[in-house]
Amino acid sequence: MHTETLDNPTTIAPGTAETDGFNPAMGRDLLTALARVLPADALLSEPEQLGPYECDGLAMYRQPPLAVALPNTAEQVQAVLRICHAHQTPVIPRGAGTGLAGGALPRADAVLLSLARLKRIVRIDPLSRVAVVEPGVRNAAISEAAAPHGLYYAPDPSSQIACSIGGNVAENSGGVHCLKYGLTVHNVLGVRGFLADGTPVTLGGEAPDDSGLDLLALMMGSEGLLAVVTEVTVRLLPRPRVAQVVMAAFATVEAAGDAVAGIIGEGIIPAGLEMMDALATRAVEDFVHAGYPLEAGAILLAESDGTAEEVADEIARIEAVCRRHGAVSLATSQSEAERLRLWAGRKAAFPAVGRITPDYYCMDGTIPKKHLSNVLRRIAELSAEHGLACANVFHAGDGNLHPLIFYDANQPGDVERAEAFGLDILRACVEVGGTITGEHGVGVEKLDAMCVQFSTPELATFHAVKRAFDPAGLLNPGKAVPTLHRCAEMGGMHVHGGKLLHPELPRY
Amino acid sequence: MGPRDMVSDDAAVMRLADAVRAAGADHRVLHTVGGDSKRGLGGTPRGGTLSAEIRSIGMRSAGILSTLELRGIVDYDPAELVATVRAGTPLADLQDELAAHGQMLPFEPPAWPGATVGGAVASGLAGPRRAFAGAVRDALLGVRLVDGRGQVLQFGGRVMKNVAGFDLFRLQAGAWGRLGVVLEVSFRLLPRPQREKTVALPMPADAAIDHMNRLAGTPLPLSAAAWAGGALYLRLSGSEAGVRAALAGVGGEALPQEAAARLWASAAAMPMEVAGGQACAGEADEGLPLWRLAVPTTTRSLAAEGEVAIDWCGGLRWLRSAAPAAEVRALAASLGGHATAWHGNRARPAMHPLDPVRLALHQRLFAVFDPHGVFDSGRFDADADAAPAAASLPAPSGRAADAACRPASPAV
């Protein structure tokens with residue numbers, strides 16, 4: 001909606017090409033140079049060709065790029081980076097374009113570098129349980145390719161049929177099973193790629209724990225600001241023999257939250273642990289008829305996976321905990337079909353909400369679970385204050401909330417109210433010791449919220465780390481980390497412990 | 001351990017920050033010390049004197065920065081599976097507190113006597129469970145630190161999922177204190193398994209490597225797979241029913257609980273004690289330098305090159321070798337891995353040298369966190385004044401030379 005608020009990259013790194021200073025003649029030179037290293041069908045610059053690339057999964061922000069490069073090989077990626085670097089032209093890396101925070105939003109003066117055509121599965125080694133893949137390989141395609149060996153790739157973001165592993169690396173994607181099996185950072189063993197100037201870099205690999213600093217971990221979730229990845233080595237896990245899910249309904253969200261604490265307290269790490277409030281439950285039940293009780297204040301889905309013996313034991317304990325915490329109804333899947341039906345509702349939560357409101361704005365805060373009731377009460381108050389409804393869906397095991405704010409983009413002022421409501425929710429998350437984004441990333445969407453979570457010296461450190469990898473500030477500039485100037489203007493400067501630690505530092 | 005045991009955080013933190021600022025202004029190097037977890041690698045073996053160590057890493061001049069004042073568990077709610085702890089807290093105190101609530105750190109750190117939480121993070125060393133439950137950095141959720149400018153910074157937080165900002169907290173695991181003084185860390189925890197059982201299956205190393213990798217590809221509740229002294233050792237962890245069923249499948253001879261605990265604790269701290277105490281990994285060669293090689297898990301046995309033990313489901317190889325350091329490192333590199341000079345091994349730098357691209361990135365990151373060169377770990381070749389002549393080092397003493405057959409402090 002307001003791309004003009006994007007930070008000017010020159011405030012991040014002096015010397016970066018500016019949108020305003022864009023020179024058409026230089027653009028022609030750049031395109032000529034790119035055309036020399038790319039196949040004819042791998043360089044798009046006609047306005048009608050650029051349309052599909054003008055936004056990612058956050059469609060409220062749109063901007064066509066100067067050109068789109070669609071290299072087929074790592075060598076072509078390197079050539080594109082070298083040319084753009086020589087022309088001081090920003091490069092926006094893009095995977096499958098499913099990101100929800102605008103991390104792949106183009107700029108008018110930038111080349112959009114799509115990694116979608118690098119989609120070779122280089123190698124699967126069933127004995128050492130690794131897959132080496134190119135970044136454009138879809139998340140789900142890795143598990144499909146590993147299936148004949150009884151193996152799979154564990155992180156399963158909801159967009160897994162479409163999203164690419166390169167995008168997962170950029171966002172450190174999670175998924176429904178990440179409480180037990182971890183995020184992308186826990187499942188990637190190594191990456192190869194290029195720095196902004198085309199210098200090849202290899203981080204990690206099949207040998208554990210690279211020598212020196214853990215630059216591989218730093219790369220995870222860096223939103224395309226530090227390097228462009230052209231090969232990813234991932235760990236594969238044995239597919240569990242059995243999975244079963246318990247669906248428990250509770251009179252209140254508080255009771256469901258207590259049951260979550262009870263399950264963890266019992267020493268169980270469920271493979272999945274999800275919660276929905278009453279509004280979300282009614283929306284999905286109307287839509288997919290998963291069999292959720294409509295009178296419930298909240299429903300909980302808890303999955304167990306492993307060997308038959310482990311699952312039988314864990315399911316019995318989960319059921320007992322739910323009963324102890326006053327579950328008003330309880331259903332446990334007795335077949336794979338039943339398991340999928342119970343999950344269908346949760347998986348359809350977003351589209352189901354989409355049926356009952358013209359538009360919704362999905363938030364992504366994470367909180368310590370013990371504050372769930374407080375934060376939900378706060379969200380209800382904010383809902384009344386802003387005059388917009390809100391349905392709540394959570395990854396309950398890890399405290400990741402997805403409040404879905406209802407609005408109507410055709411109603412004047414609704415978009416702004418939804419954004420203000422969203423920022424207030426994120427503030428509430430930070431206040432209880434949580435974070436503004438659990439899994440969707442900052443992109444362009446949460447730049448303001450970053451000012452709430454981090455202090456000036458912390459943000460300055462992020463910028464300095466960015467410069468260590470990309471001194472010219474050409475890779476995905478303006479994303480993920482707000483300028484100090486922007487935070488000062490917003491007036492949301494975060495102060496640790498209620499006092500300024502370094503009064504000698506300038507505040508913008 | 002409770003809030004009453006803590007000194008005022010602000011006062012202690014401010015003293016550390018002031019010391020760092022003063023050192024930066026005077027171009028002095030500071031040596032961050034907690035319970036000596038970092039000592040054995042790149043410095044003297046544990047038990048050597050500090051002054052000897054400071055000589056050994058060739059500091060221009062050195063001051064000691066102790067984190068021991070920063071004690072105590074700040075926040076621990078078992079239902080969150082998260083603990084926030086000050087850096088100077090004894091690791092054993094934290095582990096006792098977690099055990100009292102049926103939980104544990106996932107990465108099974110070496111239980112050096114006196115080790116602190118900050119040292120465990122800075123050294124980034126994980127034990128046998130690492131292959132199945134992750135490394136130190138995998139368990140980190142957030143770190144509060146003083147950087148080389150004396151600024152107190154917080155990265156990450158206390159929640160499981162957090163993608164706001166670069167993961168600079170994970171970068172502190174295995175940074176050996178080079179990027180700052182760690183003040184406080186938040187860990188994600190795991191429930192302690194209801195049941196844990198270790199079995200031994202006698203077989204040669206190559207067969208063991210194949211067998212452990214095959215088993216790891218099947219859905220068994222494995223939590224450790226190692227080889228030493230002619231036998232494969234497998235640890236199964238989980239529910240009573242799950243472990244009982246898995247035991248029937250894997251076969252082998254079960255070890256008594258106490259022997260198993262000693263085996264895995266010693267595997268984390270190395271040298272490894274083989275169960276029952278009858279044999280030690282490579283005891284015949286215990287005077288030879290000990291190397292820790294990280295390699296792809298299915299790498300052939302390196303018996304001919306001095307391999308005495310295998311851990312991490314094949315990913316970690318312990319070598320005792322008289323070969324020159326360059327040769328051991330070339331071997332590791334040719335296998336796609338890297339070699340670290342372990343306790344008592346005088347090769348310098350202790351860490352495997354970096355390729356030129358990563359070296360340049362390290363130097364730039366050191367400049368970001370520590371522009372005045374206050375924190376000099378002496379362990380990375382990226383440090384300008386690291387790697388003094390080996391001849392100036394004291395002779396190995398302490399645990400590496402004399403502890404080969406002595407049970408390490410049990411981790412449990």
# chains A, B, ... in the order shown; residues from 1 in each chain; ligands from 1
>>> interface_residues(of="chain B", to="chain A", cutoff="7 Å", atoms="only C-alpha atoms", output="ChimeraX atom specification")
/B:78-80,138,153,157-168,170-171,174-175,191,213-214,217-219,239,241-242,294-298,315,336-338,351-352,357,361,364-365,368,380
>>> residues_around(residues="Ala251 in chain A", least_positions_apart="5", cutoff="7 Å", atoms="only C-alpha atoms", output="PDB file with all heavy atoms, in the first residue's frame")
ATOM      1  N   ALA A 296     -17.209 -24.700  21.392  1.00  0.00           N
ATOM      2  CA  ALA A 296     -15.945 -24.615  22.123  1.00  0.00           C
ATOM      3  C   ALA A 296     -15.370 -23.204  22.076  1.00  0.00           C
ATOM      4  O   ALA A 296     -15.524 -22.484  21.094  1.00  0.00           O
ATOM      5  CB  ALA A 296     -14.942 -25.591  21.517  1.00  0.00           C
ATOM      6  N   GLY A 297     -14.712 -22.825  23.190  1.00  0.00           N
ATOM      7  CA  GLY A 297     -14.014 -21.543  23.218  1.00  0.00           C
ATOM      8  C   GLY A 297     -12.684 -21.631  22.496  1.00  0.00           C
ATOM      9  O   GLY A 297     -12.170 -20.629  22.001  1.00  0.00           O
ATOM     10  N   ALA A 298     -12.135 -22.828  22.455  1.00  0.00           N
ATOM     11  CA  ALA A 298     -10.867 -23.055  21.756  1.00  0.00           C
ATOM     12  C   ALA A 298     -10.716 -24.536  21.482  1.00  0.00           C
ATOM     13  O   ALA A 298     -11.209 -25.365  22.255  1.00  0.00           O
ATOM     14  CB  ALA A 298      -9.694 -22.586  22.608  1.00  0.00           C
ATOM     15  N   VAL A 328     -13.872 -30.437  26.969  1.00  0.00           N
ATOM     16  CA  VAL A 328     -15.308 -30.701  26.880  1.00  0.00           C
ATOM     17  C   VAL A 328     -15.606 -31.770  25.844  1.00  0.00           C
ATOM     18  O   VAL A 328     -16.631 -32.415  25.873  1.00  0.00           O
ATOM     19  CB  VAL A 328     -16.121 -29.417  26.597  1.00  0.00           C
ATOM     20  CG1 VAL A 328     -16.063 -28.478  27.804  1.00  0.00           C
ATOM     21  CG2 VAL A 328     -15.637 -28.703  25.342  1.00  0.00           C
TER      22      VAL A 328
END
>>> residues_around(residues="Trp342 in chain B", least_positions_apart="6", cutoff="8 Å", atoms="only C-alpha atoms", output="PyMOL selection string")
chain B and resi 40-42+289-292+350
>>> atom_distance(atom1="CA of Pro358 in chain A", atom2="CA of Ala344 in chain A")
22.2 Å
>>> residues_around(residues="Met104 in chain B", least_positions_apart="4", cutoff="7 Å", atoms="only C-alpha atoms", output="list of chain:residue names")
B:Gln95, B:Leu98, B:Ala99, B:Leu189, B:Leu190, B:Pro191, B:Arg192
>>> select_by_dssp(residues="range 85-288 of chain B", states="strand (DSSP E)", output="tab-separated table (two decimals) with C-alpha atoms, in the first residue's frame")
chain	number	residue	atom	x	y	z
B	85	VAL	CA	20.56	-17.91	32.63
B	86	ARG	CA	23.43	-15.56	33.48
B	103	GLN	CA	14.36	-31.34	31.60
B	104	MET	CA	17.85	-30.92	30.15
B	140	LEU	CA	20.26	-21.00	21.64
B	141	LEU	CA	17.27	-18.66	21.55
B	142	GLY	CA	18.92	-15.42	22.56
B	143	VAL	CA	22.09	-13.86	23.92
B	144	ARG	CA	22.76	-10.63	25.79
B	145	LEU	CA	26.34	-9.44	25.49
B	146	VAL	CA	28.77	-6.56	25.85
B	152	VAL	CA	25.02	-3.99	25.99
B	153	LEU	CA	23.17	-5.68	23.14
B	154	GLN	CA	20.39	-8.26	23.08
B	155	PHE	CA	19.90	-10.53	20.08
B	156	GLY	CA	17.21	-13.16	19.77
B	181	VAL	CA	31.33	-10.86	26.66
B	182	VAL	CA	28.28	-13.07	26.91
B	183	LEU	CA	26.12	-11.86	29.82
B	184	GLU	CA	22.97	-13.93	29.63
B	185	VAL	CA	21.66	-16.68	27.39
B	186	SER	CA	18.30	-18.30	26.71
B	187	PHE	CA	18.21	-21.98	25.81
B	188	ARG	CA	15.49	-24.15	24.43
B	190	LEU	CA	14.25	-30.91	26.05
B	191	PRO	CA	12.39	-33.19	28.43
B	195	ARG	CA	14.19	-44.26	29.89
B	196	GLU	CA	17.71	-44.40	28.50
B	197	LYS	CA	19.57	-47.56	27.59
B	198	THR	CA	22.99	-48.12	26.03
B	199	VAL	CA	24.00	-51.29	24.20
B	200	ALA	CA	27.39	-52.47	22.91
B	201	LEU	CA	27.82	-54.41	19.68
B	202	PRO	CA	31.39	-55.61	19.04
B	222	LEU	CA	18.55	-43.06	18.96
B	223	SER	CA	20.31	-40.40	21.03
B	224	ALA	CA	23.95	-41.42	20.54
B	225	ALA	CA	25.98	-43.68	18.24
B	226	ALA	CA	29.70	-44.05	18.80
B	227	TRP	CA	32.53	-46.52	18.30
B	228	ALA	CA	35.60	-47.11	20.41
B	231	ALA	CA	32.60	-51.94	19.73
B	232	LEU	CA	29.68	-49.89	18.49
B	233	TYR	CA	27.77	-48.17	21.29
B	234	LEU	CA	24.17	-47.12	20.74
B	235	ARG	CA	22.06	-45.14	23.16
B	236	LEU	CA	18.27	-45.25	22.96
B	237	SER	CA	16.22	-42.58	24.73
B	238	GLY	CA	12.50	-42.11	25.05
B	253	GLU	CA	24.59	-56.24	25.14
B	254	ALA	CA	23.09	-53.70	27.51
>>> atom_distance(atom1="CA of Pro371 in chain B", atom2="CA of Arg149 in chain B")
7.4 Å
>>> closest_residue(among="A:Tyr61, A:Phe421, A:Phe250, A:Phe194", to="Glu231 in chain A", atoms="only C-alpha atoms")
A:Phe194
>>> residues_around(residues="Gly198 in chain A", least_positions_apart="2", cutoff="12 Å", atoms="only C-alpha atoms", output="tab-separated table (two decimals) with C-alpha atoms, in the first residue's frame")
chain	number	residue	atom	x	y	z
A	74	ALA	CA	25.06	-21.03	-10.62
A	75	GLU	CA	27.57	-19.62	-13.13
A	76	GLN	CA	24.85	-17.43	-14.63
A	77	VAL	CA	23.86	-16.28	-11.13
A	78	GLN	CA	27.46	-15.28	-10.50
A	79	ALA	CA	27.65	-13.45	-13.84
A	80	VAL	CA	24.45	-11.51	-13.08
A	81	LEU	CA	25.80	-10.50	-9.66
A	82	ARG	CA	29.13	-9.38	-11.11
A	83	ILE	CA	27.46	-7.26	-13.78
A	84	CYS	CA	25.01	-5.68	-11.33
A	85	HIS	CA	27.86	-4.98	-8.95
A	86	ALA	CA	29.88	-3.32	-11.70
A	91	VAL	CA	19.69	-7.08	-6.81
A	192	ARG	CA	27.04	-22.59	-1.42
A	193	GLY	CA	26.46	-19.33	-3.15
A	194	PHE	CA	27.84	-15.92	-3.94
A	195	LEU	CA	28.38	-12.67	-2.13
A	196	ALA	CA	26.92	-9.51	-3.68
A	200	PRO	CA	31.86	-17.67	-4.32
A	201	VAL	CA	31.27	-18.71	-0.72
A	226	LEU	CA	23.98	-11.27	2.91
A	227	ALA	CA	24.45	-13.64	-0.04
A	228	VAL	CA	22.66	-15.46	-2.85
A	229	VAL	CA	22.43	-19.20	-2.28
A	230	THR	CA	22.79	-21.53	-5.28
A	469	PHE	CA	29.00	-9.17	3.62
A	470	ASP	CA	27.87	-6.52	1.15
A	474	LEU	CA	23.35	-3.88	-3.23
A	475	LEU	CA	21.70	-7.11	-2.06
B	357	VAL	CA	36.66	-15.74	1.62
>>> residues_around(residues="Pro113 in chain B", least_positions_apart="6", cutoff="9 Å", atoms="only C-alpha atoms", output="PyMOL selection string")
chain B and resi 35-37+92+409
>>> residues_around(residues="Gly63 in chain B", least_positions_apart="6", cutoff="9 Å", atoms="only C-alpha atoms", output="list in words")
Ala23, Arg28, Val29, Leu30, His31 and Thr32 of chain B
